[in-house]
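A.B. asks: The structure's right below; bear with me while I get my questions together.
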Amino acid sequence: MHVEVSRIVKAPREKVFAAYTDFEAAPMWSKELSSVKILGTQGNTVRVESGGRARGGRRVLATFDLYPPERVVTEGETRLTRVRRAVLLEEVQEGTKVTATLDITVKGKWSWVFSPRRNSEAERSAGGELESFARYVEASP
């Protein structure tokens, strides 16, 4: 499943990058995350573990490769899915255009559950997260 969403954030690119890579602050703006713990860093790579707000508190292990200030590439895995996300930050006149591209692979027998309508649900969810992130960045000093 492939999803792409974009949003203009009315802030400089460096500020947007800093906010996006402040992993432990992500639960403040994310509707899906209840906790984030940094497991380690090596060079431009950060490994994190996050817990979800949904029933059962979905646990995600993810690796973030940082390319300041223009790109963050994430690979994450849950019990049911593998997700590769690339977030591109482009300077535009209004601030920063944030484009998130997600490639979601459903593991094993669960793939039959995820019909094409799930793609629109994933797009709505990703768009909602980007909207929440934009409001968070724009409201911070």
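By order of appearance in the structure tokens: chains A, B, ..., then residues from 1 within every chain, and ligands from 1 in the order shown.
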Please report, as a PyMOL selection string, each residue of chain A to which DSSP assigns strand (DSSP E) when run on this structure's backbone.
C.D. replies: chain A and resi 2-9+33-42+45-52+59-67+71-77+81-92+95-106
A.B. asks: I'd like the neighbourhood of Ala134 of chain A as a list in words, where a residue qualifies if any of its atoms comes within 8 Å (using only C-alpha atoms), though same-chain residues fewer than 5 positions away should be ignored.
C.D. replies: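 The residues satisfying every condition are Arg7, Ile8, Val9 and Lys10 of chain A.
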A.B. asks: With a distance cut-off of 7 Å and only C-alpha atoms, select the neighbouring residues of segment 67-71 of chain A, excluding the residue or stretch itself and same-chain residues fewer than 6 positions from it, and output the selection as a ChimeraX atom specification.
C.D. replies: /A:13-14,17,87-90
A.B. asks: Select, from A:Arg47, A:Met1, A:Arg135, A:Pro27, the residue with the minimum atom-to-atom distance to Arg82 of chain A, counting only C-alpha atoms.
C.D. replies: A:Met1
A.B. asks: Work out how far apart atom CA of Glu129 of chain A and atom CA of Ala25 of chain A are and give it in Å to one decimal.
C.D. replies: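 These two atoms are separated by 13.8 Å.
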A.B. asks: From the options A:Ala18, A:Leu66, A:Thr74, A:Arg79, which residue's atoms come nearest to Ala100 of chain A, counting only C-alpha atoms?
C.D. replies: A:Thr74
A.B. asks: I want to know what sits within 12 Å of Asp65 of chain A, based on only C-alpha atoms, with residues of the same chain fewer than 4 positions away left out; could you give that as JSON, numbers by chain?
C.D. replies: {"A": [21, 41, 42, 43, 44, 45, 46, 47, 48, 69, 70, 71, 72, 73, 74, 75, 76, 84, 85, 86, 87]}
A.B. asks: Write out as a ChimeraX atom specification which residues come within 7 Å of segment 29-39 of chain A when counting only C-alpha atoms, dropping same-chain ones fewer than 5 positions away.
C.D. replies: /A:23-24,47-53,129,132-133,136
A.B. asks: For the structure I just gave you, how does DSSP split chain A - specifically, which residues are helix (DSSP H, G or I)? Reply as a PyMOL selection string.
C.D. replies: chain A and resi 13-20+23-28+108-113+116-139
A.B. asks: Within 8 Å of Glu77 of chain A, counting only C-alpha atoms, which residues qualify if same-chain residues fewer than 4 places away don't, as a VMD selection string?
C.D. replies: chain A and resid 60 to 62 81 to 83
A.B. asks: Those residues with C-alpha atoms, as a PDB file, in the first residue's frame please?
C.D. replies:
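Ended up saving to result-v7.pdb:
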```
ATOM      1  CA  VAL A  60       6.584  -0.090  17.195  1.00  0.00           C
ATOM      2  CA  LEU A  61      10.331  -0.424  16.758  1.00  0.00           C
ATOM      3  CA  ALA A  62      11.670   2.052  14.209  1.00  0.00           C
ATOM      4  CA  THR A  81       2.988  -4.371   9.379  1.00  0.00           C
ATOM      5  CA  ARG A  82       6.256  -3.017   8.042  1.00  0.00           C
ATOM      6  CA  VAL A  83       6.316   0.671   7.120  1.00  0.00           C
TER       7      VAL A  83
END
```
